[in-house]
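*Asks:* So that you have it, the file is entry16.txt, and it contains compact mmCIF, N, CA and C atoms:
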# COMPACT_ATOMS: atom_id res chain seq x y z
N GLY Z 1 52.11 88.99 76.69
CA GLY Z 1 53.29 88.29 77.09
C GLY Z 1 54.31 89.23 77.72
N ASP Z 2 55.38 88.63 78.17
CA ASP Z 2 56.46 89.40 78.78
C ASP Z 2 57.28 90.10 77.71
N CYS Z 3 57.73 91.27 78.06
CA CYS Z 3 58.58 92.06 77.16
C CYS Z 3 60.01 92.00 77.69
N VAL Z 4 60.97 91.82 76.79
CA VAL Z 4 62.38 91.76 77.16
C VAL Z 4 63.11 92.86 76.42
N LEU Z 5 63.91 93.62 77.15
CA LEU Z 5 64.74 94.67 76.56
C LEU Z 5 66.14 94.11 76.40
N ILE Z 6 66.62 94.06 75.16
CA ILE Z 6 67.98 93.59 74.89
C ILE Z 6 68.89 94.81 74.88
N VAL Z 7 69.90 94.78 75.75
CA VAL Z 7 70.83 95.90 75.90
C VAL Z 7 72.21 95.43 75.45
N SER Z 8 72.74 96.08 74.43
CA SER Z 8 74.04 95.68 73.89
C SER Z 8 75.18 96.21 74.76
N ASP Z 9 76.35 95.61 74.57
CA ASP Z 9 77.55 96.07 75.27
C ASP Z 9 77.86 97.53 74.91
N VAL Z 10 77.64 97.88 73.65
CA VAL Z 10 77.90 99.25 73.20
C VAL Z 10 76.99 100.24 73.93
N ALA Z 11 75.73 99.87 74.11
CA ALA Z 11 74.79 100.74 74.82
C ALA Z 11 75.22 100.93 76.27
N ILE Z 12 75.69 99.87 76.90
CA ILE Z 12 76.16 99.97 78.29
C ILE Z 12 77.41 100.86 78.35
N ALA Z 13 78.34 100.66 77.43
CA ALA Z 13 79.56 101.48 77.41
C ALA Z 13 79.21 102.96 77.21
N GLU Z 14 78.26 103.24 76.35
CA GLU Z 14 77.83 104.62 76.12
C GLU Z 14 77.19 105.20 77.38
N ALA Z 15 76.37 104.40 78.06
CA ALA Z 15 75.76 104.85 79.31
C ALA Z 15 76.82 105.17 80.35
N VAL Z 16 77.85 104.33 80.44
CA VAL Z 16 78.95 104.60 81.38
C VAL Z 16 79.61 105.92 81.04
N TRP Z 17 79.89 106.14 79.77
CA TRP Z 17 80.55 107.39 79.36
C TRP Z 17 79.69 108.61 79.68
N VAL Z 18 78.40 108.55 79.36
CA VAL Z 18 77.50 109.68 79.62
C VAL Z 18 77.41 109.96 81.12
N LEU Z 19 77.23 108.91 81.91
CA LEU Z 19 77.07 109.11 83.36
C LEU Z 19 78.34 109.64 84.01
N THR Z 20 79.51 109.13 83.60
CA THR Z 20 80.75 109.57 84.24
C THR Z 20 81.27 110.89 83.68
N SER Z 21 81.16 111.08 82.39
CA SER Z 21 81.74 112.26 81.75
C SER Z 21 80.81 113.46 81.77
N LEU Z 22 79.59 113.26 81.38
CA LEU Z 22 78.65 114.36 81.27
C LEU Z 22 78.01 114.72 82.61
N TYR Z 23 77.58 113.70 83.35
CA TYR Z 23 76.88 113.93 84.61
C TYR Z 23 77.77 113.81 85.84
N LYS Z 24 79.03 113.42 85.65
CA LYS Z 24 80.02 113.33 86.73
C LYS Z 24 79.60 112.39 87.85
N VAL Z 25 78.93 111.32 87.51
CA VAL Z 25 78.54 110.31 88.50
C VAL Z 25 79.78 109.49 88.84
N ASP Z 26 79.98 109.23 90.10
CA ASP Z 26 81.12 108.44 90.57
C ASP Z 26 81.13 107.08 89.89
N ARG Z 27 82.31 106.65 89.45
CA ARG Z 27 82.44 105.40 88.71
C ARG Z 27 81.96 104.19 89.50
N GLY Z 28 82.16 104.19 90.82
CA GLY Z 28 81.65 103.09 91.64
C GLY Z 28 80.14 103.03 91.61
N ASN Z 29 79.49 104.18 91.69
CA ASN Z 29 78.02 104.22 91.61
C ASN Z 29 77.53 103.77 90.24
N VAL Z 30 78.21 104.22 89.20
CA VAL Z 30 77.83 103.81 87.84
C VAL Z 30 77.92 102.29 87.71
N ALA Z 31 79.01 101.72 88.17
CA ALA Z 31 79.20 100.27 88.08
C ALA Z 31 78.11 99.53 88.84
N GLN Z 32 77.79 100.00 90.03
CA GLN Z 32 76.75 99.34 90.83
C GLN Z 32 75.37 99.46 90.19
N ILE Z 33 75.03 100.66 89.75
CA ILE Z 33 73.70 100.90 89.18
C ILE Z 33 73.51 100.12 87.89
N LEU Z 34 74.48 100.22 86.98
CA LEU Z 34 74.33 99.51 85.71
C LEU Z 34 74.48 98.01 85.88
N GLY Z 35 75.28 97.58 86.85
CA GLY Z 35 75.38 96.15 87.14
C GLY Z 35 74.05 95.58 87.61
N LYS Z 36 73.36 96.33 88.46
CA LYS Z 36 72.03 95.90 88.91
C LYS Z 36 71.03 95.95 87.76
N PHE Z 37 71.15 96.97 86.91
CA PHE Z 37 70.23 97.13 85.78
C PHE Z 37 70.28 95.93 84.85
N ILE Z 38 71.49 95.51 84.47
CA ILE Z 38 71.60 94.40 83.51
C ILE Z 38 71.25 93.04 84.13
N ALA Z 39 71.13 93.00 85.45
CA ALA Z 39 70.76 91.76 86.13
C ALA Z 39 69.25 91.65 86.38
N ARG Z 40 68.53 92.72 86.06
CA ARG Z 40 67.08 92.73 86.32
C ARG Z 40 66.31 91.80 85.40
N LYS Z 41 65.19 91.34 85.91
CA LYS Z 41 64.27 90.55 85.09
C LYS Z 41 63.75 91.46 83.97
N GLY Z 42 63.70 90.93 82.78
CA GLY Z 42 63.21 91.70 81.65
C GLY Z 42 64.31 92.41 80.89
N ILE Z 43 65.54 92.37 81.42
CA ILE Z 43 66.70 92.95 80.74
C ILE Z 43 67.58 91.80 80.29
N GLN Z 44 67.94 91.81 79.03
CA GLN Z 44 68.83 90.77 78.50
C GLN Z 44 70.08 91.45 77.95
N CYS Z 45 71.20 91.15 78.56
CA CYS Z 45 72.50 91.64 78.11
C CYS Z 45 73.25 90.41 77.61
N PRO Z 46 73.50 90.33 76.30
CA PRO Z 46 74.11 89.11 75.74
C PRO Z 46 75.42 88.69 76.43
N ASN Z 47 76.21 89.63 76.90
CA ASN Z 47 77.49 89.32 77.54
C ASN Z 47 77.48 89.76 79.00
N VAL Z 48 76.46 89.37 79.72
CA VAL Z 48 76.26 89.86 81.08
C VAL Z 48 77.44 89.54 82.00
N HIS Z 49 78.03 88.36 81.88
CA HIS Z 49 79.15 88.00 82.75
C HIS Z 49 80.39 88.86 82.45
N THR Z 50 80.63 89.10 81.19
CA THR Z 50 81.73 89.98 80.80
C THR Z 50 81.50 91.39 81.30
N MET Z 51 80.27 91.87 81.21
CA MET Z 51 79.96 93.22 81.68
C MET Z 51 80.16 93.33 83.19
N HIS Z 52 79.74 92.32 83.93
CA HIS Z 52 79.94 92.35 85.39
C HIS Z 52 81.43 92.35 85.73
N ALA Z 53 82.22 91.56 85.00
CA ALA Z 53 83.67 91.56 85.22
C ALA Z 53 84.27 92.92 84.87
N ALA Z 54 83.76 93.54 83.82
CA ALA Z 54 84.24 94.88 83.45
C ALA Z 54 83.88 95.91 84.51
N PHE Z 55 82.68 95.81 85.08
CA PHE Z 55 82.28 96.73 86.14
C PHE Z 55 83.16 96.56 87.37
N THR Z 56 83.51 95.33 87.70
CA THR Z 56 84.39 95.08 88.85
C THR Z 56 85.75 95.74 88.62
N ARG Z 57 86.29 95.58 87.42
CA ARG Z 57 87.57 96.22 87.08
C ARG Z 57 87.44 97.74 87.10
N PHE Z 58 86.34 98.24 86.58
CA PHE Z 58 86.11 99.69 86.49
C PHE Z 58 86.09 100.33 87.87
N GLN Z 59 85.54 99.64 88.84
CA GLN Z 59 85.51 100.14 90.21
C GLN Z 59 86.90 100.14 90.84
N ALA Z 60 87.72 99.16 90.50
CA ALA Z 60 89.01 98.97 91.17
C ALA Z 60 90.17 99.68 90.48
N ALA Z 61 90.07 99.89 89.18
CA ALA Z 61 91.21 100.43 88.42
C ALA Z 61 90.94 101.85 87.95
N ASN Z 62 91.99 102.56 87.67
CA ASN Z 62 91.86 103.90 87.12
C ASN Z 62 92.00 103.81 85.60
N CYS Z 63 91.04 103.13 84.98
CA CYS Z 63 91.05 102.91 83.53
C CYS Z 63 89.69 103.30 82.98
N ASP Z 64 89.67 103.59 81.69
CA ASP Z 64 88.40 103.81 81.02
C ASP Z 64 87.58 102.53 81.06
N PHE Z 65 86.27 102.67 81.00
CA PHE Z 65 85.42 101.50 81.03
C PHE Z 65 85.72 100.56 79.87
N PHE Z 66 85.94 101.13 78.68
CA PHE Z 66 86.17 100.26 77.53
C PHE Z 66 87.44 99.43 77.70
N ASP Z 67 88.47 100.00 78.33
CA ASP Z 67 89.68 99.22 78.62
C ASP Z 67 89.36 98.09 79.60
N CYS Z 68 88.53 98.37 80.58
CA CYS Z 68 88.12 97.33 81.53
C CYS Z 68 87.30 96.25 80.84
N TYR Z 69 86.48 96.65 79.91
CA TYR Z 69 85.68 95.71 79.13
C TYR Z 69 86.58 94.81 78.29
N LEU Z 70 87.56 95.41 77.60
CA LEU Z 70 88.49 94.62 76.80
C LEU Z 70 89.29 93.66 77.66
N ALA Z 71 89.70 94.11 78.84
CA ALA Z 71 90.44 93.24 79.75
C ALA Z 71 89.58 92.08 80.21
N ALA Z 72 88.30 92.33 80.45
CA ALA Z 72 87.39 91.26 80.86
C ALA Z 72 87.21 90.23 79.75
N ILE Z 73 87.10 90.71 78.51
CA ILE Z 73 87.00 89.79 77.37
C ILE Z 73 88.27 88.97 77.24
N ALA Z 74 89.41 89.64 77.35
CA ALA Z 74 90.69 88.95 77.21
C ALA Z 74 90.85 87.88 78.28
N LYS Z 75 90.49 88.22 79.50
CA LYS Z 75 90.64 87.24 80.60
C LYS Z 75 89.77 86.02 80.36
N SER Z 76 88.56 86.23 79.87
CA SER Z 76 87.65 85.10 79.66
C SER Z 76 88.13 84.17 78.56
N SER Z 77 89.01 84.67 77.67
CA SER Z 77 89.52 83.83 76.60
C SER Z 77 91.03 83.59 76.70
N ASN Z 78 91.59 83.90 77.89
CA ASN Z 78 93.02 83.72 78.15
C ASN Z 78 93.91 84.46 77.15
N ASP Z 79 93.48 85.66 76.76
CA ASP Z 79 94.26 86.51 75.87
C ASP Z 79 94.83 87.68 76.65
N SER Z 80 95.59 88.52 75.97
CA SER Z 80 96.17 89.72 76.57
C SER Z 80 95.58 90.96 75.91
N VAL Z 81 95.76 92.09 76.57
CA VAL Z 81 95.30 93.37 76.02
C VAL Z 81 96.50 94.28 75.89
N ALA Z 82 96.61 94.92 74.74
CA ALA Z 82 97.65 95.95 74.55
C ALA Z 82 96.94 97.29 74.56
N SER Z 83 97.60 98.29 75.14
CA SER Z 83 96.99 99.61 75.24
C SER Z 83 97.96 100.66 74.73
N PHE Z 84 97.41 101.71 74.17
CA PHE Z 84 98.21 102.84 73.72
C PHE Z 84 98.23 103.97 74.74
N VAL Z 85 97.59 103.76 75.88
CA VAL Z 85 97.54 104.77 76.93
C VAL Z 85 98.89 104.85 77.61
N ARG Z 86 99.40 106.06 77.75
CA ARG Z 86 100.67 106.25 78.43
C ARG Z 86 100.44 106.39 79.92
N GLU Z 87 101.37 105.90 80.71
CA GLU Z 87 101.23 105.88 82.17
C GLU Z 87 101.07 107.26 82.79
N ASN Z 88 101.79 108.25 82.31
CA ASN Z 88 101.82 109.56 82.96
C ASN Z 88 100.98 110.61 82.27
N GLU Z 89 99.93 110.22 81.63
CA GLU Z 89 99.05 111.21 80.98
C GLU Z 89 97.97 111.64 81.92
Spell out the structure here as structure tokens.

*Replies:*
Amino acid sequence: GDCVLIVSDVAIAEAVWVLTSLYKVDRGNVAQILGKFIARKGIQCPNVHTMHAAFTRFQAANCDFFDCYLAAIAKSSNDSVASFVRENE
């Protein structure tokens, strides 16, 4: 039978961190590559729409991926996000 790989949001966030921080891959490339990865046949990402929205934000904003992920979750449920990040850091 067919095999399906279930990829959690945490695993994707960790992959983003490793690729951008350790390997210095451009955030736009990371967003495109991982966005294509979670859309592939045989890959199941439980929150695929939220992850795609987070990748879109990650490409456009100068924010950590996790902040973009939280913003995507908040938008989908009409909530707000509070951050402890200071503007001039």

*Asks:* One number please: atom N of Asp64 in chain Z to atom C of Tyr23 in chain Z, in Å, one decimal.

*Replies:*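 Separating atom N of Asp64 in chain Z from atom C of Tyr23 in chain Z is a distance of 16.2 Å.
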
*Asks:* With distances taken over only C-alpha atoms, which residue among Z:Ile73, Z:Cys45, Z:Cys63, Z:Ala39 lies nearest Val10 in chain Z?

*Replies:* Z:Cys45

*Asks:* Go through Z:Ala74, Z:Val7, Z:Ala54, Z:Ala31 and flag the residue nearest Leu19 in chain Z, using only C-alpha atoms for the distances.

*Replies:*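 Counting only C-alpha atoms, the residue closest to Leu19 in chain Z is Z:Ala31.
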
*Asks:* According to DSSP computed on the backbone, where in chain Z is there strand (DSSP E or B)? Give the residues as a ChimeraX atom specification.

*Replies:* /Z:5-6,43-44

*Asks:* Could you pull out the helix (DSSP H, G or I) residues of chain Z, going by DSSP on the backbone, and write them as a ChimeraX atom specification?

*Replies:* /Z:9-22,27-38,48-60,65-76

*Asks:* Using only C-alpha atoms, which of Z:Ala11, Z:Asp26, Z:Leu5, Z:Asp79 sits nearest Gln59 in chain Z?

*Replies:*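 Among the listed residues, Z:Asp26 lies closest to Gln59 in chain Z.
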
*Asks:* Given only C-alpha atoms as the basis, pick out the residue of Z:Ala53, Z:Asn29, Z:Val4, Z:Lys24 nearest to Phe66 in chain Z.

*Replies:*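 Closest to Phe66 in chain Z of all the choices is Z:Ala53.
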
*Asks:* My list of candidates is Z:Thr20, Z:Gln32, Z:Ser8, Z:Thr50. Which is closest to Ala72 in chain Z when distances are computed with only C-alpha atoms?

*Replies:* Z:Thr50

*Asks:* If you measure from CA of Ile33 in chain Z to CA of Ala82 in chain Z, what distance in Å do you get, rounded to one decimal?

*Replies:*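 Computing the Euclidean distance for CA of Ile33 in chain Z and CA of Ala82 in chain Z yields 28.5 Å.
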
*Asks:* Using all atoms listed in the file, which protein or nucleic acid residues come within 8 Å of Ala60 in chain Z? Drop anything in the same chain fewer than 4 positions from it, and give the result as a VMD selection string.

*Replies:* chain Z and resid 27 to 28 54 to 56
